[in-house]
Amino acid sequence: MANSSESGRENEIPLDNLPSALLATMMTKLDVPSIRSIACTCKTFYSCASHILSFLPSFHLLDIAPSADMLRPLLPPNPYLRSLKLDCTRLDDSSLDFILRPTLQELCLHNCSDFSGKLLSQVGRGCTDLRFLYLSSVADKRGRSIDVSDLEELLSGCTQLETMILMFDVSIFLRHNFARVWALAPVTLSSLEIGYISSVMVTELLSPPVVPQQSLNYIQPSVLPRIQKLCLSVDYITDTMISTISRSLCLLTYLDLRDSPIMEPRMAFDLTNAGLQQINPHGKLKHLSLIRSQEIFPAYFKRVNDLGILLMADRCSSMESICLGGFCQVTDTGFKTVLHSCANLFKLRVSHGPLLTDLVFHDIAATSLTLTHASLRWCNLLTNYAVARLASNRNLSMLDLRDCRNLGDEALRAISSLPKLKVLLIDGSDISDAGFSYLSKGVMNSLVSLSVRGCKRLTDKCIYFLFEGSSKQELRELDLSNIPNFSDAGILSLVKSRIPISELRVRQCPLIGDTSVMVLASMKFEEVGWQGSSLRLLDLYNCGGITQLSFQWLKKPYFPRLRWLGVSGNANRDMVDNLARNRPYVHVACRGEELGIDQWDTSDDLYMHDYDEVDELEQWLLEGDNESDEEMEEAANVGR
């Protein structure tokens with residue numbers, strides 16, 4: 001028996017002895033972080049990784065923000081590169097010479113604050129085959145600028161562009177010139193998203209002026225004739241803008257508009273019943289989102305009531321997704337009309353609906369609706385009864401009930417019956433520790449993300465009730481922020497549950513201190529081969545017990561997977577700066593900003609991810625690779 005075992009070991013072929021062509025083929029199936037991890041394990045993989053970087057079709061590195069020195073050797077000449085996605089926080093115009101490639105069809109550059117308008121013009125000149133373009137925060141840093149000529153070169157150069165996402169403030173361009181250059185936009189463009197633009201600029205963009213010398217028979221060519229998806233964040237959503245969009249974009253199937261007024265809008269700069277009546281004249285809309293944010297000023301759509309919703313609903317029977325925010329004059333009659341008129345609706349979102357009550361959902365079980373996403377945020381008249389009726393939609397995978405303050409444990413009892421629920425956000429409600437026991441007996445087998453931020457009645461015991469008696473745990477994201485009675489003991493219970501949490505938020509918990517950090521740094525999950533903390537995001541902002549000791553535990557080699565960290569910087573500035581130097585590939589936030597959220601992300605679904613997407617080699621990494629920042633630096637030297 002012993003001889004047989006020894007003979008078997010002798011016949012085993014080490015993985016690094018496989019033919020290099022076979023290894024290269026296997027590696028091309030992986031993403032860049034996985035290749036980076038493998039390159040650190042042995043010289044053979046190191047050499048192979050260096051070679052395949054010359055023919056990878058996709059290079060996606062959003063997990064960290066590489067410097068130019070780190071990135072340059074990872075992007076050698078590659079005639080096969082089609083897709084490039086980068087976090088450009090540490091890059092600037094000097095990086096454009098090796099980032100932009102003529103073969104690219106997809107380009108996503110996040111956090112481009114240190115770039116100037118040269119980025120746009122160079123993309124237009126050097127990436128003429130692009131189909132998909134995403135640029136965020138361009139020239140946000142002081143001293144950087146963008147000229148309308150840069151945008152003109154982009155639009156005229158990328159003649160095959162189908163999707164363009166410009167997540168920055170385009171109101172910096174002169175209105176007349178801005179509207180003029182869009183006549184150069186490629187006719188292939190079908191999807192357009194803009195981070196911020198004024199409503200007047202939108203109207204002028206879609207309504208080019210008539211030149212006096214033109215004959216009466218001259219037909220003005222339409223701007224953006226093939227647009228099917230339009231997402232804009234504007235200063236004011238107005239009747240004029242809605243009318244222009246509806247009249248000009250005949251193929252529109254997806255319309256997403258959001259505004260954040262700085263003052264109460266006047267009649268000419270507001271949405272009314274008449275404007276709603278102009279929506280969807282061609283009957284092709286599948287998704288409609290009209291959101292008035294209270295982020296800057298507590299403004300609402302005060303000139304829209306039930307009549308406007310009724311007029312809109314007549315044209316929206318084929319809608320699949322409807323999001324309405326800030327409609328303070330709309331009552332149950334209007335909202336109920338939406339539910340009963342849209343038989344194909346699968347996503348419903350209402351925020352700041354102060355007149356929305358349980359009656360809207362009283363007979364929802366009698367409809368043909370099969371909702372998968374429901375968001376009812378800041379709807380303070382809703383009670384447990386509404387949640388019980390809503391839970392008749394057994395296909396719900398996402399439920400957002402944040403800031404519905406009258407919901408309690410009975411709501412959790414109803415929610416526990418949803419077999420497919422992956423995301424539950426119930427911040428600011430009246431739930432207690434005992435209510436968590438309902439979740440443990442039901443949805444904990446499917447739940448991936450749970451947020452109970454600001455639920456004041458919760459204590460350390462909620463962790464025990466949450467994981468009690470549940471054999472299969474899928475939970476990876478947990479928000480326990482702003483809970484005054486949640487302490488280090490609760491964190492200890494969480495670690496003892498041996499759940500590999502990847503995102504943990506406990507900001508503004510006065511009883512969380514150094515003990516929590518030490519426990520989290522020391523946790524191990526030996527049953528899946530991973531030793532060390534699984535956390536990729538940890539938010540400790542304004543926790544009452546965090547001292548200098550915690551900062552020692554936040555340094556290497558602890559938390560080897562950490563990518564986002566929130567701490568208080570006002571009293572610990574030197575320690576925060578030292579930590580940032582020690583962990584250059586960790587995003588350290590110290591001003592209270594939400595972690596993992598792009599500043600131009602206008603979605604309220606802050607913790608939504610595609611949970612069905614599995615990273616290549618993810619299981620292998622969990623079982624065998626304890627990747628550290630030092631290894632990343634070593635992998636960065638591949639090919640140097």
# chains A, B, ... in the order shown; residues from 1 in each chain; ligands from 1

$ select_by_dssp --residues "region 378-605 of chain A" --states "alpha helix (DSSP H)" --output "PyMOL selection string"
chain A and resi 384-390+409-415+436-440+461-467+488-496+514-522+548-553+573-582

$ residues_around --residues "region 254-264 of chain A" --least-positions-apart "2" --cutoff "7 Å" --atoms "only C-alpha atoms" --output "list in words"
Gln228, Lys229, Leu230, Cys231, Leu232, Ser233, Val234, Asp235, Tyr236, Ile237, Leu252, Arg266, Leu285, Lys286, His287, Leu288, Ser289, Leu290, Ile291, Arg292, Ser293, Gln294, Glu295, Ile296, Phe297 and Ala299 of chain A

$ closest_residue --among "A:Leu407, A:Val387, A:Ile99, A:Leu540" --to "Ala68 (chain A)" --atoms "only C-alpha atoms"
A:Ile99

$ residues_around --residues "Glu593 (chain A)" --least-positions-apart "3" --cutoff "12 Å" --atoms "only C-alpha atoms" --output "ChimeraX atom specification"
/A:507,539-542,564-569,587-590,596-599

$ write_last_selection --atoms "C-alpha atoms" --output "mmCIF file, in the first residue's frame"
data_model
loop_
_atom_site.group_PDB
_atom_site.id
_atom_site.type_symbol
_atom_site.label_atom_id
_atom_site.label_comp_id
_atom_site.auth_asym_id
_atom_site.auth_seq_id
_atom_site.Cartn_x
_atom_site.Cartn_y
_atom_site.Cartn_z
ATOM 1 C CA ARG A 507 -19.516 53.141 10.967
ATOM 2 C CA ASP A 539 -15.899 50.788 7.319
ATOM 3 C CA LEU A 540 -14.908 51.931 10.826
ATOM 4 C CA TYR A 541 -15.611 55.630 10.345
ATOM 5 C CA ASN A 542 -16.385 57.448 13.604
ATOM 6 C CA TRP A 564 -11.573 49.721 0.915
ATOM 7 C CA LEU A 565 -11.101 51.098 4.432
ATOM 8 C CA GLY A 566 -13.040 53.830 6.222
ATOM 9 C CA VAL A 567 -11.598 55.484 9.327
ATOM 10 C CA SER A 568 -11.816 58.841 11.081
ATOM 11 C CA GLY A 569 -9.050 61.172 10.018
ATOM 12 C CA HIS A 587 -8.591 53.027 -0.831
ATOM 13 C CA VAL A 588 -8.389 54.732 2.585
ATOM 14 C CA ALA A 589 -11.315 57.125 3.177
ATOM 15 C CA CYS A 590 -11.286 59.397 6.217
ATOM 16 C CA GLY A 596 -17.000 51.410 -2.817
ATOM 17 C CA ILE A 597 -19.337 53.980 -4.405
ATOM 18 C CA ASP A 598 -18.319 56.123 -7.359
ATOM 19 C CA GLN A 599 -19.097 59.806 -6.716
#

$ residues_around --residues "Val330 (chain A)" --least-positions-apart "2" --cutoff "10 Å" --atoms "only C-alpha atoms" --output "MDAnalysis selection string"
chainID A and resid 301:309 326:328 332:335 353:356

$ select_by_dssp --residues "region 74-139 of chain A" --states "strand (DSSP E)" --output "PyMOL selection string"
chain A and resi 83-87+106-110+132-136

$ write_last_selection --atoms "C-alpha atoms" --output "compact mmCIF listing (two decimals), in the first residue's frame"
# COMPACT_ATOMS: atom_id res chain seq x y z
CA SER A 83 -11.25 45.54 -23.76
CA LEU A 84 -9.48 47.74 -21.18
CA LYS A 85 -10.86 48.71 -17.75
CA LEU A 86 -8.76 50.68 -15.26
CA ASP A 87 -8.99 52.71 -12.06
CA GLU A 106 -14.32 48.66 -25.04
CA LEU A 107 -12.66 51.29 -22.83
CA CYS A 108 -13.62 52.02 -19.21
CA LEU A 109 -11.50 54.53 -17.30
CA HIS A 110 -12.66 55.35 -13.77
CA PHE A 132 -18.20 51.12 -25.65
CA LEU A 133 -16.70 54.10 -23.78
CA TYR A 134 -16.89 54.92 -20.05
CA LEU A 135 -15.05 57.94 -18.60
CA SER A 136 -15.59 59.27 -15.08

$ closest_residue --among "A:Ser446, A:Thr367, A:Ser451, A:Ser190" --to "Cys250 (chain A)" --atoms "only C-alpha atoms"
A:Ser190

$ residues_around --residues "Cys112 (chain A)" --least-positions-apart "2" --cutoff "6 Å" --atoms "only C-alpha atoms" --output "count of residues only"
7
